[in-house]
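One file, data12.txt, carrying compact mmCIF, C-alpha atoms:
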```
# COMPACT_ATOMS: atom_id res chain seq x y z
CA MET A 268 -23.99 -18.42 -2.30
CA ASN A 269 -23.50 -15.72 -4.92
CA THR A 270 -21.53 -12.51 -4.44
CA ALA A 271 -24.62 -10.29 -4.32
CA SER A 272 -26.07 -12.21 -1.38
CA LEU A 273 -22.78 -11.96 0.54
CA THR A 274 -22.51 -8.20 0.02
CA ARG A 275 -26.11 -7.89 1.15
CA ARG A 276 -25.44 -10.06 4.19
CA PHE A 277 -22.57 -7.82 5.24
CA ARG A 278 -24.79 -4.76 4.84
CA GLU A 279 -27.32 -6.48 7.10
CA LEU A 280 -24.60 -7.09 9.69
CA LEU A 281 -23.69 -3.40 9.60
CA ALA A 282 -27.33 -2.43 10.11
CA ARG A 283 -27.85 -4.69 13.13
CA PRO A 284 -27.18 -3.53 16.69
CA GLY A 285 -23.90 -4.60 18.23
CA ILE A 286 -20.30 -4.91 17.18
CA ILE A 287 -19.02 -7.25 14.46
CA ARG A 288 -15.89 -9.14 15.43
CA SER A 289 -13.52 -10.72 12.94
CA LEU A 290 -10.11 -12.33 12.76
CA GLY A 291 -7.75 -11.73 9.89
CA ALA A 292 -7.27 -14.77 7.68
CA HIS A 293 -3.95 -15.27 5.89
CA ASP A 294 -5.09 -18.03 3.53
CA VAL A 295 -8.10 -20.16 2.62
CA PHE A 296 -7.38 -22.71 5.33
CA SER A 297 -7.40 -20.14 8.14
CA ALA A 298 -10.53 -18.51 6.69
CA LEU A 299 -12.27 -21.90 6.63
CA ILE A 300 -11.46 -22.49 10.29
CA MET A 301 -12.82 -19.05 11.16
CA GLU A 302 -16.04 -19.67 9.28
CA GLN A 303 -16.56 -23.00 11.01
CA ALA A 304 -15.84 -21.34 14.36
CA GLY A 305 -18.90 -19.17 13.79
CA PHE A 306 -17.48 -15.83 12.66
CA GLN A 307 -20.01 -13.95 10.54
CA MET A 308 -17.39 -12.32 8.34
CA VAL A 309 -13.65 -12.63 7.69
CA PHE A 310 -11.03 -9.98 7.08
CA LEU A 311 -8.37 -10.83 4.48
CA GLY A 312 -5.43 -8.54 5.17
CA GLY A 313 -2.40 -7.66 3.12
CA PHE A 314 0.06 -8.44 5.93
CA GLY A 315 -1.10 -12.03 6.29
CA ALA A 316 -1.48 -12.59 2.56
CA SER A 317 2.01 -11.24 1.86
CA ALA A 318 3.49 -13.50 4.53
CA SER A 319 1.52 -16.55 3.44
CA LEU A 320 1.80 -16.19 -0.34
CA LEU A 321 5.26 -14.67 -0.64
CA GLY A 322 7.02 -15.11 2.69
CA LEU A 323 7.60 -11.35 2.65
CA PRO A 324 6.71 -8.48 5.02
CA ASP A 325 3.92 -5.99 4.47
CA LEU A 326 6.01 -3.54 2.44
CA ASN A 327 4.04 -3.44 -0.81
CA PHE A 328 5.48 -6.61 -2.34
CA LEU A 329 2.00 -8.06 -2.92
CA THR A 330 0.46 -7.00 -6.22
CA MET A 331 -3.19 -6.20 -6.81
CA THR A 332 -3.72 -9.31 -8.92
CA GLU A 333 -2.04 -11.54 -6.34
CA MET A 334 -4.34 -10.18 -3.63
CA ALA A 335 -7.39 -10.51 -5.89
CA ASP A 336 -6.45 -14.15 -6.54
CA ALA A 337 -6.27 -14.71 -2.78
CA VAL A 338 -9.75 -13.22 -2.47
CA ARG A 339 -11.03 -15.41 -5.30
CA ARG A 340 -9.65 -18.61 -3.78
CA THR A 341 -11.10 -17.74 -0.37
CA THR A 342 -14.57 -16.76 -1.56
CA ALA A 343 -14.74 -19.94 -3.64
CA ARG A 344 -14.47 -22.01 -0.45
CA ILE A 345 -16.25 -20.14 2.33
CA ARG A 346 -19.76 -18.72 2.58
CA VAL A 347 -19.40 -15.71 4.83
CA PRO A 348 -18.59 -12.17 3.65
CA ILE A 349 -14.93 -11.30 3.01
CA ILE A 350 -13.64 -7.76 3.51
CA ALA A 351 -10.33 -7.50 1.68
CA ASP A 352 -7.37 -5.17 1.97
CA GLY A 353 -7.06 -3.02 -1.15
CA ASP A 354 -4.07 -1.01 0.14
CA THR A 355 -3.82 2.33 -1.71
CA GLY A 356 -5.76 1.08 -4.71
CA HIS A 357 -2.43 0.06 -6.29
CA GLY A 358 -1.71 3.19 -8.27
CA ASP A 359 -3.48 6.23 -9.70
CA LEU A 360 -7.24 6.65 -9.86
CA HIS A 361 -7.52 4.39 -12.90
CA ASN A 362 -5.88 1.65 -10.84
CA VAL A 363 -8.16 2.35 -7.87
CA ALA A 364 -11.16 1.77 -10.13
CA ARG A 365 -9.63 -1.41 -11.52
CA THR A 366 -8.89 -2.67 -8.01
CA ILE A 367 -12.52 -2.18 -6.97
CA GLU A 368 -13.82 -3.92 -10.10
CA THR A 369 -11.37 -6.82 -9.71
CA PHE A 370 -12.02 -7.40 -6.00
CA GLU A 371 -15.76 -7.19 -6.54
CA ALA A 372 -15.54 -9.73 -9.38
CA ALA A 373 -13.42 -11.97 -7.13
CA GLY A 374 -16.29 -12.18 -4.66
CA ALA A 375 -15.29 -9.77 -1.90
CA ALA A 376 -18.14 -8.14 0.02
CA GLY A 377 -16.07 -5.02 0.59
CA ILE A 378 -12.64 -3.44 0.39
CA ILE A 379 -10.40 -1.18 2.48
CA ILE A 380 -8.72 1.72 0.66
CA GLU A 381 -6.10 3.79 2.48
CA ASP A 382 -4.28 7.11 2.13
CA GLN A 383 -0.64 6.06 2.30
CA VAL A 384 1.73 6.96 -0.50
CA MET A 385 3.04 4.26 -2.80
CA PRO A 386 4.84 2.08 -1.86
CA LYS A 387 2.84 1.58 1.32
CA ARG A 388 3.82 -0.30 4.47
CA CYS A 389 2.13 -1.92 7.45
CA GLY A 390 0.21 0.68 9.41
CA HIS A 391 2.16 -0.11 12.58
CA PHE A 392 5.60 0.36 10.97
CA ALA A 393 7.55 3.59 11.36
CA ASN A 394 8.16 6.22 8.68
CA LYS A 395 4.77 6.06 6.96
CA GLN A 396 3.74 8.83 4.59
CA VAL A 397 0.26 9.84 3.48
CA VAL A 398 -1.13 11.64 0.46
CA SER A 399 -3.06 14.91 0.72
CA ARG A 400 -6.67 14.96 1.87
CA GLU A 401 -7.74 15.82 -1.66
CA GLU A 402 -5.93 12.82 -3.13
CA MET A 403 -7.42 10.55 -0.49
CA LEU A 404 -10.90 11.86 -1.26
CA GLY A 405 -10.23 11.23 -4.95
CA ARG A 406 -9.47 7.59 -4.18
CA ILE A 407 -12.68 7.16 -2.20
CA CYS A 408 -14.87 8.95 -4.75
CA THR A 409 -13.35 6.80 -7.49
CA ALA A 410 -13.93 3.63 -5.47
CA VAL A 411 -17.57 4.52 -4.84
CA ARG A 412 -18.18 5.20 -8.53
CA ALA A 413 -16.36 2.06 -9.66
CA ARG A 414 -18.45 -0.50 -7.76
CA SER A 415 -21.18 -2.17 -9.81
CA ASN A 416 -23.12 -3.40 -6.77
CA PRO A 417 -24.18 -0.56 -4.44
CA ASP A 418 -24.06 -3.02 -1.52
CA PHE A 419 -20.31 -3.55 -2.03
CA THR A 420 -18.80 -1.90 1.06
CA ILE A 421 -16.11 0.77 0.79
CA CYS A 422 -14.03 1.22 3.94
CA ALA A 423 -11.80 4.31 4.05
CA ARG A 424 -8.63 3.95 6.10
CA THR A 425 -6.30 6.77 7.11
CA ASP A 426 -2.76 6.44 8.40
CA ALA A 427 -2.57 10.18 9.10
CA ARG A 428 -2.52 9.78 12.90
CA ALA A 429 1.21 8.97 12.89
CA VAL A 430 2.06 11.62 10.29
CA ASN A 431 -0.18 14.65 10.90
CA GLY A 432 -1.87 13.94 14.23
CA LEU A 433 -5.26 12.74 15.36
CA ASP A 434 -7.24 15.84 14.35
CA ASP A 435 -6.22 15.46 10.73
CA ALA A 436 -7.01 11.72 10.80
CA ILE A 437 -10.50 12.43 12.14
CA GLU A 438 -11.08 15.13 9.55
CA ARG A 439 -9.99 12.78 6.79
CA VAL A 440 -12.35 9.94 7.70
CA ASN A 441 -15.27 12.32 8.19
CA ARG A 442 -14.72 13.77 4.74
CA CYS A 443 -14.34 10.27 3.29
CA GLY A 444 -17.68 9.38 4.86
CA ASP A 445 -19.24 12.42 3.23
CA ALA A 446 -17.73 11.25 -0.07
CA GLY A 447 -19.50 7.89 0.17
CA ALA A 448 -17.35 5.59 2.32
CA ASP A 449 -19.59 3.17 4.23
CA VAL A 450 -17.10 2.36 7.01
CA VAL A 451 -14.09 4.35 8.21
CA PHE A 452 -10.90 3.32 9.95
CA ILE A 453 -8.23 5.38 11.71
CA GLU A 454 -5.14 3.20 11.80
CA ALA A 455 -2.89 3.08 14.86
CA PRO A 456 -4.41 5.32 17.57
CA GLN A 457 -1.77 5.61 20.27
CA SER A 458 -3.70 5.59 23.55
CA VAL A 459 -6.93 4.53 25.20
CA ALA A 460 -7.89 8.20 25.33
CA GLU A 461 -7.63 8.39 21.54
CA LEU A 462 -9.71 5.23 21.13
CA GLU A 463 -12.34 6.85 23.35
CA LEU A 464 -12.28 10.18 21.50
CA ILE A 465 -12.56 8.89 17.94
CA PRO A 466 -16.18 7.59 18.13
CA LYS A 467 -17.26 10.88 19.69
CA ARG A 468 -16.03 12.82 16.66
CA VAL A 469 -16.73 10.38 13.83
CA GLU A 470 -20.29 9.69 12.69
CA ARG A 471 -19.75 6.77 10.30
CA PRO A 472 -19.42 3.11 11.33
CA LEU A 473 -15.91 2.66 12.74
CA LEU A 474 -13.43 -0.20 12.51
CA ALA A 475 -10.96 -0.81 15.35
CA ASN A 476 -7.75 -2.68 14.51
CA MET A 477 -6.52 -4.67 17.52
CA LEU A 478 -3.05 -5.73 16.38
CA THR A 479 -1.11 -7.57 19.08
CA GLY A 480 2.26 -5.87 19.52
CA GLY A 481 1.25 -2.79 17.55
CA VAL A 482 1.10 0.82 18.72
CA THR A 483 -2.62 0.75 19.64
CA PRO A 484 -3.66 -0.41 23.14
CA ILE A 485 -5.71 -3.59 23.06
CA LEU A 486 -9.22 -3.30 24.46
CA PRO A 487 -11.79 -6.11 24.84
CA VAL A 488 -14.44 -6.20 22.15
CA ALA A 489 -17.13 -5.39 24.73
CA ASP A 490 -15.29 -2.17 25.62
CA LEU A 491 -14.91 -1.21 21.96
CA GLU A 492 -18.63 -1.76 21.45
CA GLN A 493 -19.45 0.43 24.43
CA LEU A 494 -17.23 3.17 23.01
CA GLY A 495 -19.12 3.06 19.72
CA TYR A 496 -17.06 0.96 17.32
CA LYS A 497 -18.93 -1.18 14.81
CA LEU A 498 -16.18 -3.61 13.77
CA ALA A 499 -13.26 -5.08 15.71
CA VAL A 500 -10.54 -6.97 13.88
CA ALA A 501 -7.59 -8.97 15.19
CA PRO A 502 -5.70 -8.76 11.88
CA ILE A 503 -2.62 -11.00 12.03
CA GLU A 504 -3.11 -13.08 15.15
CA SER A 505 -3.89 -16.24 13.16
CA LEU A 506 -0.49 -15.81 11.51
CA LEU A 507 1.23 -15.24 14.86
CA VAL A 508 -0.32 -18.36 16.40
CA CYS A 509 0.47 -20.55 13.39
CA ALA A 510 4.05 -19.30 13.26
CA ARG A 511 4.67 -20.17 16.90
CA ALA A 512 3.02 -23.57 16.58
CA LEU A 513 5.10 -24.46 13.51
CA ARG A 514 8.32 -23.39 15.22
CA ASP A 515 7.45 -25.61 18.19
CA LEU A 516 6.72 -28.48 15.80
CA CYS A 517 10.06 -28.04 14.04
CA ALA A 518 11.94 -27.91 17.33
CA ALA A 519 10.22 -31.05 18.65
CA TRP A 520 10.91 -33.04 15.47
CA GLN A 521 14.58 -32.03 15.46
CA ALA A 522 15.09 -32.62 19.19
CA LYS A 523 13.12 -35.83 19.72
CA GLY A 524 12.51 -37.33 16.31
CA ARG A 525 8.79 -37.69 16.96
CA VAL A 526 5.86 -35.28 17.22
CA ASP A 527 2.89 -37.50 17.99
CA ASP A 528 3.05 -36.32 21.60
CA LEU A 529 1.91 -32.91 20.38
CA ALA A 530 -1.57 -34.37 19.90
CA THR A 531 -2.99 -32.52 22.89
CA ARG A 532 -2.14 -29.22 21.15
CA ALA A 533 -3.00 -30.30 17.62
CA MET A 534 -6.09 -31.14 15.62
CA SER A 535 -6.47 -34.88 15.04
CA PHE A 536 -6.22 -36.37 11.56
CA GLY A 537 -9.94 -37.12 11.68
CA GLU A 538 -10.82 -33.60 12.78
CA LEU A 539 -8.71 -32.18 9.96
CA ASN A 540 -10.48 -34.29 7.36
CA GLU A 541 -13.83 -33.26 8.80
CA LEU A 542 -12.82 -29.60 8.61
CA LEU A 543 -11.84 -29.99 4.96
CA GLY A 544 -15.00 -31.89 4.07
CA ALA A 545 -13.14 -34.97 2.88
CA GLU A 546 -16.06 -37.37 3.38
CA LYS A 547 -18.39 -35.24 1.28
CA PHE A 548 -15.95 -35.18 -1.63
CA MET A 549 -15.26 -38.91 -1.37
CA LYS A 550 -19.00 -39.64 -1.47
CA VAL A 551 -19.16 -37.82 -4.81
CA GLU A 552 -16.29 -39.93 -6.05
CA ASP A 553 -17.94 -43.14 -4.82
CA HIS A 554 -21.10 -42.39 -6.81
CA GLU A 555 -19.32 -41.86 -10.10
```

When written as C-alpha cells, how does the structure in this file appear?
Amino acid sequence: MNTASLTRRFRELLARPGIIRSLGAHDVFSALIMEQAGFQMVFLGGFGASASLLGLPDLNFLTMTEMADAVRRTTARIRVPIIADGDTGHGDLHNVARTIETFEAAGAAGIIIEDQVMPKRCGHFANKQVVSREEMLGRICTAVRARSNPDFTICARTDARAVNGLDDAIERVNRCGDAGADVVFIEAPQSVAELELIPKRVERPLLANMLTGGVTPILPVADLEQLGYKLAVAPIESLLVCARALRDLCAAWQAKGRVDDLATRAMSFGELNELLGAEKFMKVEDHE
C-alpha cells in the first residue's frame, strides 16, 4: 500500500464517528503485533524509539534521521497508518520543514510537533520548558506549508499545562488549530476535571495520552470518547510489558537454568514464525 493511500485512510478514520485507539510501538516487531491484533493505526513515539534503538531515556538523544529511519523500517513492514513523534521539529523552522518532508517521505501518515524548547524531554518529566505561543505557531504554520500531501496529518502538541497552566495550553492548541493543525494534543492534564474541561473548550479533534504512571489520570477509552476525544493512545505500555517479561525471563534462566516452563506466558515458536510470515518467505525461496 502506498503512502498516499495510508494518509487518506487515516483521514477517513478521523472523519468517522467514534474514537480511534492506538498503542505506541517501540519497534517494527511491536508495530507488527499491533497491526495483526486489529489496530487501525499505530503511534510511533520518541520515548519507545529512544529506549529501543539507543537504550536511552526520552531526553532528546534521538536524532531526526534516527527517528525517520525507524518510521521507514516500520512503514515498510506494516500496512496501517503510522503517526510519528516529530518532537520539536528538531531545530529552527528550516529543520521543522525538513522533518515534515523526511517523515512524509519515510511513509508516515502524520506527525506530532510540540512546543517544548530544545533539548526537549518526556512530557511527564519535571522541569519542562516551552517556547512562546508565537514560536509554536511558527512551527505549525511551517509544518502545514512543508507537507506535499494535504492528507498528511499535522498534530500540534503543547506541554504548556505544566509550565503556564491549563488556560494557556488550551489557547495554544486552539490557535494551532486555526493555523492548520488537524489534530491537537494537550500533554499531561493533571486531573479528571481537566480531562473533562479540555474537550469543552477545544474545537479540533483531540488526542488523549494515557501513559501508565504519568501525571494524567487514566480513563477508559469509552469514557474518553464520551468526553469528546477523538484519539486515545497508550504510548509506552508495550515497552513496559516487554521490559517486565524480559526481566522475568532473565531471572528464570539464571535461577533455574531452563525457561521452557514459561510457555504458558510466551508465544510458541510456531506462532512467532506465523506472525513474522516465515512460511510465505520460504515459499518464495522454494520456487526459485

Take atom CA of A:Ile437 and atom CA of A:Ile379 and report the distance between them in Å, one decimal.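 One can read the atom CA of A:Ile437 to atom CA of A:Ile379 distance as 16.7 Å.
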
Give me the residues near stretch 284-298 of chain A as a PyMOL selection string, where near means some atom within 8 Å (using all atoms listed in the file) and where sequence neighbours in that chain fewer than 3 positions away do not count. chain A and resi 280-281+301-302+306-312+314-316+318-319+337+340-341+344-345+488+492+496-506

Residue contacts of A:Ala375 (10 Å, only C-alpha atoms) excluding same-chain residues fewer than 6 positions away, as a ChimeraX atom specification: /A:270-271,273-274,310-311,335,338-339,341-342,347-352,367,369,419-420

Expressed in Å to a single decimal, how great is the separation between atom CA of A:Gly432 and atom CA of A:Ser399?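 Between atom CA of A:Gly432 and atom CA of A:Ser399 the gap is 13.6 Å.
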
Looking at only C-alpha atoms, which of A:Gly313, A:Gly377, A:Gly524, A:Gly356 is the one that sits closest to A:Arg414?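 The answer is A:Gly377, which sits nearest to A:Arg414.
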
Around all of stretch 354-367 of chain A's listed atoms, make the axis-aligned box with 4 Å on each side and tell me centre and edge lengths in Å to one decimal, as lines of an AutoDock Vina configuration file.
```
center_x = -7.1
center_y = 2.0
center_z = -6.4
size_x = 18.8
size_y = 17.3
size_z = 21.0
```

Here is a test: counting all atoms listed in the file, which residue of A:Phe392, A:Gly374, A:Thr409, A:Ser535 is nearest to A:Ala343? A:Gly374

For a quick check of understanding, using only C-alpha atoms, which of A:Leu529, A:Ile421, A:Ile465, A:Leu543 has the smallest distance to A:Phe277?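 Comparing A:Leu529, A:Ile421, A:Ile465, A:Leu543 against A:Phe277, the winner is A:Ile421.
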
Place N, CA and C atoms on stretch 485-502 of chain A and deliver the coordinates as a compact mmCIF listing (two decimals), keeping the file's coordinate frame.
```txt
# COMPACT_ATOMS: atom_id res chain seq x y z
N ILE A 485 -4.70 -2.57 23.32
CA ILE A 485 -5.71 -3.59 23.06
C ILE A 485 -6.83 -3.47 24.09
N LEU A 486 -8.05 -3.33 23.60
CA LEU A 486 -9.22 -3.30 24.46
C LEU A 486 -10.11 -4.50 24.14
N PRO A 487 -10.83 -5.04 25.12
CA PRO A 487 -11.79 -6.11 24.84
C PRO A 487 -12.87 -5.62 23.88
N VAL A 488 -13.41 -6.55 23.12
CA VAL A 488 -14.44 -6.20 22.15
C VAL A 488 -15.63 -5.52 22.83
N ALA A 489 -16.00 -5.99 24.01
CA ALA A 489 -17.13 -5.39 24.73
C ALA A 489 -16.87 -3.91 25.03
N ASP A 490 -15.63 -3.57 25.35
CA ASP A 490 -15.29 -2.17 25.62
C ASP A 490 -15.35 -1.35 24.34
N LEU A 491 -14.86 -1.92 23.24
CA LEU A 491 -14.91 -1.21 21.96
C LEU A 491 -16.35 -0.95 21.55
N GLU A 492 -17.21 -1.93 21.77
CA GLU A 492 -18.63 -1.76 21.45
C GLU A 492 -19.24 -0.64 22.28
N GLN A 493 -18.91 -0.61 23.55
CA GLN A 493 -19.45 0.43 24.43
C GLN A 493 -18.97 1.82 24.00
N LEU A 494 -17.76 1.89 23.47
CA LEU A 494 -17.23 3.17 23.01
C LEU A 494 -17.90 3.64 21.73
N GLY A 495 -18.42 2.68 20.94
CA GLY A 495 -19.12 3.06 19.72
C GLY A 495 -18.54 2.51 18.44
N TYR A 496 -17.61 1.58 18.54
CA TYR A 496 -17.06 0.96 17.32
C TYR A 496 -18.02 -0.09 16.78
N LYS A 497 -18.04 -0.23 15.46
CA LYS A 497 -18.93 -1.18 14.81
C LYS A 497 -18.23 -2.48 14.43
N LEU A 498 -16.94 -2.42 14.13
CA LEU A 498 -16.18 -3.61 13.77
C LEU A 498 -14.90 -3.66 14.59
N ALA A 499 -14.53 -4.86 15.02
CA ALA A 499 -13.26 -5.08 15.71
C ALA A 499 -12.54 -6.23 15.02
N VAL A 500 -11.30 -5.97 14.62
CA VAL A 500 -10.54 -6.97 13.88
C VAL A 500 -9.23 -7.25 14.60
N ALA A 501 -8.92 -8.53 14.77
CA ALA A 501 -7.59 -8.97 15.19
C ALA A 501 -6.89 -9.43 13.90
N PRO A 502 -6.05 -8.59 13.28
CA PRO A 502 -5.70 -8.76 11.88
C PRO A 502 -4.68 -9.83 11.53
```
